[in-house]
$ cat run39.txt   # compact mmCIF, C-alpha atoms and all ligand atoms
# COMPACT_ATOMS: atom_id res chain seq x y z
CA MET A 240 0.00 0.00 0.00
CA ARG A 241 1.12 3.52 -0.64
CA VAL A 242 1.71 5.97 2.17
CA ASN A 243 3.11 9.41 1.34
CA ASP A 244 3.91 8.22 -2.22
CA LYS A 245 5.94 5.21 -1.02
CA ASP A 246 5.02 1.49 -1.09
CA TYR A 247 4.91 -0.18 2.30
CA ARG A 248 4.18 -3.53 3.83
CA THR A 249 2.92 -3.64 7.41
CA VAL A 250 5.72 -6.00 8.46
CA TRP A 251 8.99 -6.95 6.79
CA MET A 252 12.54 -8.05 7.61
CA GLU A 253 15.78 -6.27 6.73
CA ASP A 254 19.24 -7.60 7.66
CA GLY A 255 17.82 -9.65 10.54
CA VAL A 256 15.78 -6.74 11.90
CA VAL A 257 11.97 -7.00 11.90
CA LYS A 258 10.37 -3.73 10.80
CA LEU A 259 6.80 -2.85 11.71
CA ILE A 260 4.47 0.05 11.09
CA ASN A 261 3.97 1.32 14.63
CA GLN A 262 0.18 1.00 14.92
CA PRO A 263 -0.56 2.58 18.33
CA LEU A 264 0.86 5.85 16.93
CA LEU A 265 -1.61 5.95 14.03
CA PRO A 266 -3.36 7.97 12.72
CA ASN A 267 -1.35 10.89 14.12
CA THR A 268 2.18 9.66 13.45
CA PHE A 269 3.49 7.28 10.79
CA GLU A 270 6.63 5.63 12.12
CA ILE A 271 8.56 2.40 11.57
CA TYR A 272 9.44 0.34 14.65
CA SER A 273 12.51 -1.94 14.61
CA CYS A 274 12.86 -5.23 16.50
CA GLN A 275 16.48 -6.40 16.79
CA ASN A 276 15.75 -9.90 18.12
CA TYR A 277 12.90 -12.36 18.62
CA ARG A 278 12.20 -11.12 22.17
CA GLN A 279 11.61 -7.60 20.92
CA THR A 280 9.40 -8.89 18.09
CA ALA A 281 7.39 -10.98 20.56
CA GLU A 282 6.98 -7.94 22.81
CA ALA A 283 5.79 -5.88 19.82
CA ILE A 284 3.13 -8.53 19.11
CA LYS A 285 2.05 -8.60 22.76
CA THR A 286 1.81 -4.81 23.07
CA MET A 287 0.06 -4.57 19.68
CA ILE A 288 2.65 -2.42 17.93
CA VAL A 289 1.81 -4.98 15.27
CA ARG A 290 -1.71 -6.42 15.36
CA GLY A 291 -4.26 -8.10 13.11
CA ALA A 292 -4.20 -11.81 12.31
CA GLY A 293 -2.01 -11.87 9.18
CA ALA A 294 0.42 -9.20 10.38
CA ILE A 295 0.84 -11.02 13.70
CA GLY A 296 1.47 -14.26 11.77
CA ALA A 297 4.12 -12.70 9.52
CA ALA A 298 5.83 -11.02 12.49
CA ALA A 299 5.80 -14.31 14.42
CA GLY A 300 7.35 -16.16 11.46
CA TYR A 301 10.11 -13.55 11.20
CA ALA A 302 10.63 -13.74 14.98
CA ILE A 303 11.37 -17.47 14.77
CA ALA A 304 13.75 -16.75 11.89
CA GLN A 305 15.50 -14.20 14.15
CA ALA A 306 15.88 -16.90 16.81
CA TYR A 307 17.50 -19.22 14.24
CA LEU A 308 19.83 -16.45 13.00
CA SER A 309 21.16 -15.72 16.48
CA ASP A 310 21.47 -19.40 17.52
CA GLU A 311 18.85 -19.10 20.27
CA ASP A 312 17.02 -22.03 21.84
CA ILE A 313 14.38 -22.41 19.10
CA GLN A 314 11.81 -24.31 21.16
CA LYS A 315 12.01 -21.71 23.93
CA ALA A 316 11.65 -18.91 21.38
CA ALA A 317 8.58 -20.64 19.91
CA GLN A 318 7.00 -20.80 23.37
CA VAL A 319 7.69 -17.11 24.07
CA ILE A 320 6.18 -16.11 20.73
CA LYS A 321 3.15 -18.41 21.08
CA ASN A 322 2.46 -16.95 24.53
CA THR A 323 2.03 -13.40 23.18
CA ARG A 324 -1.56 -13.54 21.90
CA PRO A 325 -3.79 -16.63 22.07
CA THR A 326 -6.59 -16.10 19.54
CA ALA A 327 -5.23 -15.33 16.06
CA GLN A 328 -4.59 -18.67 14.37
CA ASN A 329 -2.08 -17.14 11.94
CA LEU A 330 0.44 -16.78 14.76
CA PHE A 331 0.45 -20.52 15.50
CA TYR A 332 0.37 -21.37 11.80
CA ALA A 333 3.49 -19.26 11.17
CA VAL A 334 5.51 -20.39 14.20
CA ASP A 335 4.88 -24.08 13.48
CA LYS A 336 5.76 -23.64 9.82
CA VAL A 337 9.11 -21.92 10.44
CA LEU A 338 9.93 -24.45 13.19
CA LYS A 339 10.22 -27.11 10.45
CA ALA A 340 13.30 -25.35 9.03
CA ALA A 341 16.51 -27.35 8.98
CA ASP A 342 18.81 -24.34 9.19
CA LYS A 343 19.04 -20.52 9.27
CA LYS A 344 18.74 -20.13 5.53
CA GLU A 345 15.60 -22.24 5.36
CA ALA A 346 14.05 -20.48 8.38
CA LEU A 347 14.50 -17.13 6.69
CA SER A 348 13.09 -18.38 3.44
CA ILE A 349 9.98 -19.96 5.07
CA ALA A 350 9.32 -16.77 7.07
CA GLN A 351 9.58 -14.71 3.90
CA GLN A 352 7.28 -17.14 2.08
CA ILE A 353 4.64 -16.79 4.84
CA ALA A 354 4.69 -13.00 4.45
CA ASP A 355 4.57 -13.14 0.64
CA GLU A 356 1.74 -15.69 0.67
CA ASP A 357 -0.24 -13.54 3.10
CA ALA A 358 0.02 -10.51 0.79
CA GLN A 359 -0.92 -12.58 -2.28
CA ALA A 360 -3.84 -14.32 -0.54
CA CYS A 361 -5.24 -10.96 0.56
CA LYS A 362 -4.99 -9.58 -2.98
CA THR A 363 -6.88 -12.62 -4.29
CA ILE A 364 -9.52 -12.26 -1.55
CA GLY A 365 -10.14 -8.79 -2.97
CA GLU A 366 -10.68 -10.22 -6.45
CA PHE A 367 -13.13 -12.88 -5.19
CA GLY A 368 -14.97 -10.38 -3.00
CA VAL A 369 -15.40 -7.57 -5.50
CA PRO A 370 -18.54 -8.97 -7.26
CA LEU A 371 -20.34 -8.75 -3.89
CA LEU A 372 -20.04 -4.99 -4.03
CA LYS A 373 -22.52 -3.31 -6.34
CA ASP A 374 -21.95 0.25 -7.51
CA ASN A 375 -22.99 2.65 -4.71
CA ALA A 376 -22.94 -0.15 -2.12
CA GLN A 377 -22.94 0.87 1.55
CA ILE A 378 -20.84 -1.51 3.61
CA LEU A 379 -20.37 -1.93 7.36
CA THR A 380 -17.05 -3.19 8.72
CA HIS A 381 -15.86 -3.80 12.27
CA CYS A 382 -12.36 -3.36 13.70
CA ASN A 383 -9.49 -3.24 11.20
CA ALA A 384 -9.10 -6.00 8.66
CA GLY A 385 -7.30 -3.84 6.14
CA TRP A 386 -3.68 -3.87 5.08
CA LEU A 387 -2.48 -2.82 8.55
CA ALA A 388 -3.86 -6.12 9.86
CA PHE A 389 -2.02 -8.15 7.19
CA VAL A 390 1.19 -7.87 5.23
CA ASP A 391 -0.62 -5.98 2.48
CA TRP A 392 -4.15 -5.38 1.06
CA GLY A 393 -6.08 -6.80 4.03
CA THR A 394 -9.11 -9.10 4.01
CA ALA A 395 -12.42 -7.32 4.70
CA LEU A 396 -11.12 -4.13 3.08
CA SER A 397 -9.41 -5.83 0.13
CA PRO A 398 -12.64 -6.21 -1.96
CA ILE A 399 -13.40 -2.55 -1.19
CA TYR A 400 -9.98 -1.46 -2.50
CA ALA A 401 -10.39 -3.67 -5.58
CA ALA A 402 -13.89 -2.28 -6.28
CA LYS A 403 -12.63 1.29 -5.91
CA ARG A 404 -9.89 0.57 -8.48
CA GLN A 405 -12.61 -0.69 -10.85
CA GLY A 406 -14.35 2.67 -10.54
CA LYS A 407 -17.21 1.57 -8.27
CA LYS A 408 -18.57 4.13 -5.85
CA LEU A 409 -18.82 2.88 -2.28
CA PHE A 410 -19.53 4.15 1.19
CA VAL A 411 -18.15 2.45 4.30
CA PHE A 412 -19.61 2.59 7.80
CA VAL A 413 -16.68 2.05 10.19
CA ASP A 414 -17.44 0.79 13.70
CA GLU A 415 -15.13 2.67 16.05
CA THR A 416 -14.34 -0.66 17.83
CA ARG A 417 -13.91 0.00 21.52
CA PRO A 418 -11.79 -0.35 23.50
CA ARG A 419 -8.69 0.02 21.27
CA LEU A 420 -10.47 1.87 18.48
CA GLN A 421 -8.96 -0.05 15.58
CA GLY A 422 -11.89 1.08 13.41
CA ALA A 423 -11.74 4.77 14.30
CA ARG A 424 -7.94 4.99 14.19
CA LEU A 425 -6.78 2.41 11.65
CA THR A 426 -9.62 1.54 9.24
CA ALA A 427 -10.57 5.21 8.95
CA TRP A 428 -6.91 6.08 8.28
CA GLU A 429 -6.58 3.41 5.57
CA LEU A 430 -9.82 4.52 3.89
CA SER A 431 -8.68 8.13 4.03
CA GLN A 432 -5.39 7.18 2.34
CA GLU A 433 -7.42 5.43 -0.39
CA LYS A 434 -9.87 8.34 -0.65
CA ILE A 435 -12.86 6.08 0.00
CA PRO A 436 -15.90 7.89 1.45
CA HIS A 437 -16.66 6.64 4.94
CA ALA A 438 -18.07 7.57 8.34
CA VAL A 439 -16.95 6.33 11.72
CA ILE A 440 -19.92 5.32 13.86
CA ALA A 441 -20.17 4.51 17.55
CA ASP A 442 -20.16 0.74 18.08
CA ASN A 443 -23.77 0.82 19.20
CA ALA A 444 -25.00 2.73 16.12
CA ALA A 445 -24.84 -0.12 13.58
CA GLY A 446 -28.34 -1.43 14.36
CA TYR A 447 -29.79 2.03 13.77
CA TYR A 448 -28.39 2.16 10.23
CA MET A 449 -29.26 -1.47 9.48
CA LYS A 450 -32.88 -0.93 10.47
CA LYS A 451 -33.02 2.11 8.20
CA GLN A 452 -31.78 -0.15 5.34
CA GLN A 453 -28.71 2.03 4.87
CA ILE A 454 -26.32 -0.91 5.03
CA ASP A 455 -26.26 -3.33 2.06
CA LEU A 456 -23.79 -5.80 3.47
CA VAL A 457 -21.36 -6.39 6.31
CA ILE A 458 -17.80 -7.63 5.80
CA THR A 459 -15.43 -8.29 8.70
CA GLY A 460 -12.13 -10.09 9.07
CA ALA A 461 -11.53 -13.20 11.16
CA ASP A 462 -8.95 -14.25 13.73
CA ARG A 463 -9.67 -17.97 13.91
CA ILE A 464 -12.14 -20.14 12.00
CA ALA A 465 -13.23 -23.50 13.42
CA LEU A 466 -14.01 -26.54 11.24
CA ASN A 467 -17.78 -26.03 11.63
CA GLY A 468 -17.47 -22.43 10.37
CA ASP A 469 -17.85 -20.71 13.76
CA THR A 470 -15.49 -17.74 13.62
CA ALA A 471 -13.69 -15.61 16.19
CA ASN A 472 -13.23 -11.95 15.39
CA LYS A 473 -12.93 -8.69 17.30
CA ILE A 474 -15.30 -8.29 20.23
CA GLY A 475 -18.61 -6.90 18.99
CA THR A 476 -18.62 -8.85 15.74
CA TYR A 477 -21.17 -11.39 17.02
CA GLU A 478 -23.75 -8.74 17.83
CA LYS A 479 -23.30 -7.18 14.36
CA ALA A 480 -23.95 -10.59 12.80
CA VAL A 481 -27.13 -11.07 14.84
CA LEU A 482 -28.33 -7.59 13.86
CA ALA A 483 -27.54 -8.27 10.22
CA LYS A 484 -29.63 -11.46 10.26
CA GLU A 485 -32.52 -9.65 11.97
CA ASN A 486 -32.44 -7.03 9.18
CA ASN A 487 -31.87 -9.46 6.26
CA ILE A 488 -28.45 -8.04 5.49
CA PRO A 489 -25.79 -10.47 4.19
CA PHE A 490 -22.92 -10.93 6.64
CA TYR A 491 -19.56 -12.00 5.16
CA MET A 492 -16.20 -12.69 6.73
CA ALA A 493 -12.92 -12.61 4.82
CA ALA A 494 -9.78 -14.55 5.74
CA PRO A 495 -6.87 -16.45 4.22
CA LEU A 496 -6.65 -20.22 4.73
CA SER A 497 -3.94 -19.60 7.36
CA THR A 498 -6.72 -18.36 9.68
CA ILE A 499 -8.55 -21.72 9.63
CA ASP A 500 -7.74 -23.93 12.60
CA PHE A 501 -8.12 -27.41 11.14
CA THR A 502 -7.71 -28.95 14.61
CA CYS A 503 -10.60 -26.99 16.14
CA GLU A 504 -14.04 -28.59 15.81
CA SER A 505 -16.20 -25.65 16.88
CA GLY A 506 -16.13 -22.08 18.13
CA ASP A 507 -16.47 -23.23 21.74
CA ALA A 508 -12.87 -24.44 21.61
CA ILE A 509 -11.39 -21.16 20.37
CA PRO A 510 -9.29 -19.49 23.09
CA ILE A 511 -10.42 -15.91 23.73
CA GLU A 512 -7.84 -13.37 24.81
CA GLU A 513 -8.70 -11.34 27.91
CA ARG A 514 -6.74 -8.08 27.89
CA ASP A 515 -5.81 -5.53 30.55
CA GLU A 516 -8.85 -3.84 32.14
CA LYS A 517 -7.11 -0.47 31.68
CA GLU A 518 -8.00 -0.61 27.97
CA VAL A 519 -11.66 -0.22 29.03
CA LEU A 520 -11.23 1.97 32.11
CA GLU A 521 -8.97 4.57 30.46
CA VAL A 522 -8.61 6.35 27.16
CA ARG A 523 -5.00 7.33 26.37
CA GLY A 524 -4.12 7.27 30.06
CA VAL A 525 -7.15 9.31 31.22
CA ARG A 526 -9.43 7.44 33.63
CA LEU A 527 -13.10 7.42 32.50
CA THR A 528 -14.63 5.50 35.37
CA PRO A 529 -14.76 5.71 39.16
CA ASN A 530 -11.53 4.51 40.76
CA GLN A 531 -13.42 1.67 42.49
CA SER A 532 -14.83 0.26 39.22
CA ARG A 533 -13.32 -2.81 37.66
CA ALA A 534 -13.66 -3.80 33.98
CA LYS A 535 -13.79 -6.94 31.88
CA ASN A 536 -12.06 -6.90 28.52
CA PRO A 537 -12.48 -9.93 26.22
CA ALA A 538 -10.74 -9.03 22.94
CA PHE A 539 -12.73 -11.38 20.67
CA ASP A 540 -16.08 -13.11 20.37
CA VAL A 541 -17.27 -16.03 18.29
CA THR A 542 -19.92 -15.67 15.59
CA PRO A 543 -21.79 -18.95 15.10
CA ALA A 544 -21.58 -20.27 11.53
CA HIS A 545 -25.32 -19.89 10.85
CA TYR A 546 -25.03 -16.09 10.93
CA ILE A 547 -22.31 -16.06 8.24
CA LYS A 548 -23.44 -16.01 4.62
CA GLY A 549 -19.99 -16.69 3.24
CA ILE A 550 -16.29 -16.70 4.03
CA ILE A 551 -14.19 -15.02 1.35
CA THR A 552 -10.85 -16.81 0.99
CA GLU A 553 -8.08 -16.91 -1.60
CA LYS A 554 -9.72 -20.10 -2.94
CA GLY A 555 -13.15 -18.53 -3.42
CA ILE A 556 -16.21 -17.80 -1.30
CA PHE A 557 -17.36 -20.70 0.89
CA LYS A 558 -20.43 -21.33 2.99
CA PRO A 559 -19.13 -21.75 6.57
CA ASP A 560 -20.16 -25.42 6.71
CA LYS A 561 -17.96 -26.10 3.66
CA ILE A 562 -14.80 -24.66 5.18
CA LYS A 563 -13.56 -28.10 6.28
CA GLN A 564 -13.17 -29.01 2.58
CA LEU A 565 -10.16 -26.70 2.51
CA ALA A 566 -8.14 -28.88 4.88
CA PRO A 567 -4.69 -29.71 3.50
CA GLN A 568 -4.64 -33.29 2.15
O1 LIG B 601 -6.71 -7.30 18.54
P1 LIG B 601 -6.36 -7.12 17.09
O2 LIG B 601 -6.38 -5.70 16.64
O3 LIG B 601 -5.11 -7.86 16.70
O4 LIG B 601 -7.59 -7.84 16.43
C1 LIG B 601 -7.58 -8.39 15.19
C2 LIG B 601 -8.46 -7.64 14.34
O5 LIG B 601 -8.07 -6.60 13.85
C3 LIG B 601 -9.80 -8.08 14.04
O6 LIG B 601 -10.36 -8.98 14.83
C4 LIG B 601 -9.93 -8.27 12.57
O7 LIG B 601 -11.22 -8.05 12.20
C5 LIG B 601 -9.49 -9.64 12.10
S1 LIG B 601 -7.81 -9.80 11.96
C6 LIG B 601 -7.52 -9.01 10.54
$ encode --input "run39.txt" --output "structure tokens"
Amino acid sequence: MRVNDKDYRTVWMEDGVVKLINQPLLPNTFEIYSCQNYRQTAEAIKTMIVRGAGAIGAAAGYAIAQAYLSDEDIQKAAQVIKNTRPTAQNLFYAVDKVLKAADKKEALSIAQQIADEDAQACKTIGEFGVPLLKDNAQILTHCNAGWLAFVDWGTALSPIYAAKRQGKKLFVFVDETRPRLQGARLTAWELSQEKIPHAVIADNAAGYYMKKQQIDLVITGADRIALNGDTANKIGTYEKAVLAKENNIPFYMAAPLSTIDFTCESGDAIPIEERDEKEVLEVRGVRLTPNQSRAKNPAFDVTPAHYIKGIITEKGIFKPDKIKQLAPQ
């Protein structure tokens, strides 16, 4: 993607250093963050300097490659990296794939392949998704499943970018996505860069616009897809899916195959990350709530398969109950 007339990926590796677009600083500051070793890369995943399923996966793959390059204990490194964030399947996919490397050279090449495949899969998701978007379509999205959440292009936003390039006119409703505001800060920033008309809405406003028939379809990303099609995504996704069904609005999710957990039978088995209560109690360090109040902060929820009309992948659009067909033979 182009930022200030330059092509960027969200995550890449240069001379053993993992480079990341520093996401907590956006949209106010665009800065590249450097991780010198796997511990720093793992910390960047944990603190969400890099976030979003595909970007986390690519960073995790590069982190294992860093461990190989500096002759670290690879199994220990894998454990540290896997302990950063529990929900996004791409992280586990990438770590396990690079762990198969026989030597440094192979580790580097597998990590690079994971990043390249992520970018290519996302581009293809855009091509498969674009026919869903009619001219003048009004789309709702939740959280950020654009190029900042992947190596490039994104998933939920990729069909929108492809449609824009074909000259279609679109309007995007962007859920702000409390508590970390990935929609308000990151999706809105991406859409601004691409000059796509959009409006940020409070998380609880989506039903209002759905009922008024101002939303033609919903597309979100996904963090982990179970074999029965149940899908984990950013907290608040489930309620958007229920509202969409109530209002007869098609609800799609978009994800590369690396987000499917072929060992997980149903959504009940997907681990849900619980994050620091401060993310809910404070905004940018300013306390919103009484000092005595506690908060709960699940980062993801699971949308049952029957609410999902289709999952857009790099192999085509699948009904959720057909996702198991994509298992590697
Ligand atoms: O906690 P995050 O920001 O890493 O959450 C991931 C997400 O951005 C969303 O859940 C997204 O819709 C799917 S991952 C691209």
$ residues_near_ligand --input "run39.txt" --ligand "ligand LIG 601 (chain B)" --cutoff "9 Å" --atoms "only C-alpha atoms and all ligand atoms" --output "number ranges by chain"
A: 284, 287, 289-295, 324, 326-327, 380-389, 393-395, 419-422, 459-463, 471-474, 476, 492-494, 498, 512, 538-540
$ residues_near_point --input "run39.txt" --point "(5.4, -21.7, 9.6)" --cutoff "7 Å" --atoms "all atoms listed in the file" --output "list in words"
Gly300, Tyr332, Ala333, Val334, Asp335, Lys336, Val337, Leu338, Ile349, Ala350 and Ile353 of chain A
$ atom_distance --input "run39.txt" --atom1 "atom CA of Arg526 of chain A" --atom2 "atom CA of Asn322 of chain A"
28.6 Å
$ atom_distance --input "run39.txt" --atom1 "atom CA of Thr363 of chain A" --atom2 "atom CA of Glu553 of chain A"
5.2 Å
$ atom_distance --input "run39.txt" --atom1 "atom CA of Glu478 of chain A" --atom2 "atom CA of Lys563 of chain A"
24.7 Å
$ residues_near_point --input "run39.txt" --point "(-4.9, -22.6, 5.8)" --cutoff "9 Å" --atoms "only C-alpha atoms" --output "JSON, numbers by chain"
{"A": [329, 332, 495, 496, 497, 498, 499, 500, 501, 565, 566, 567]}
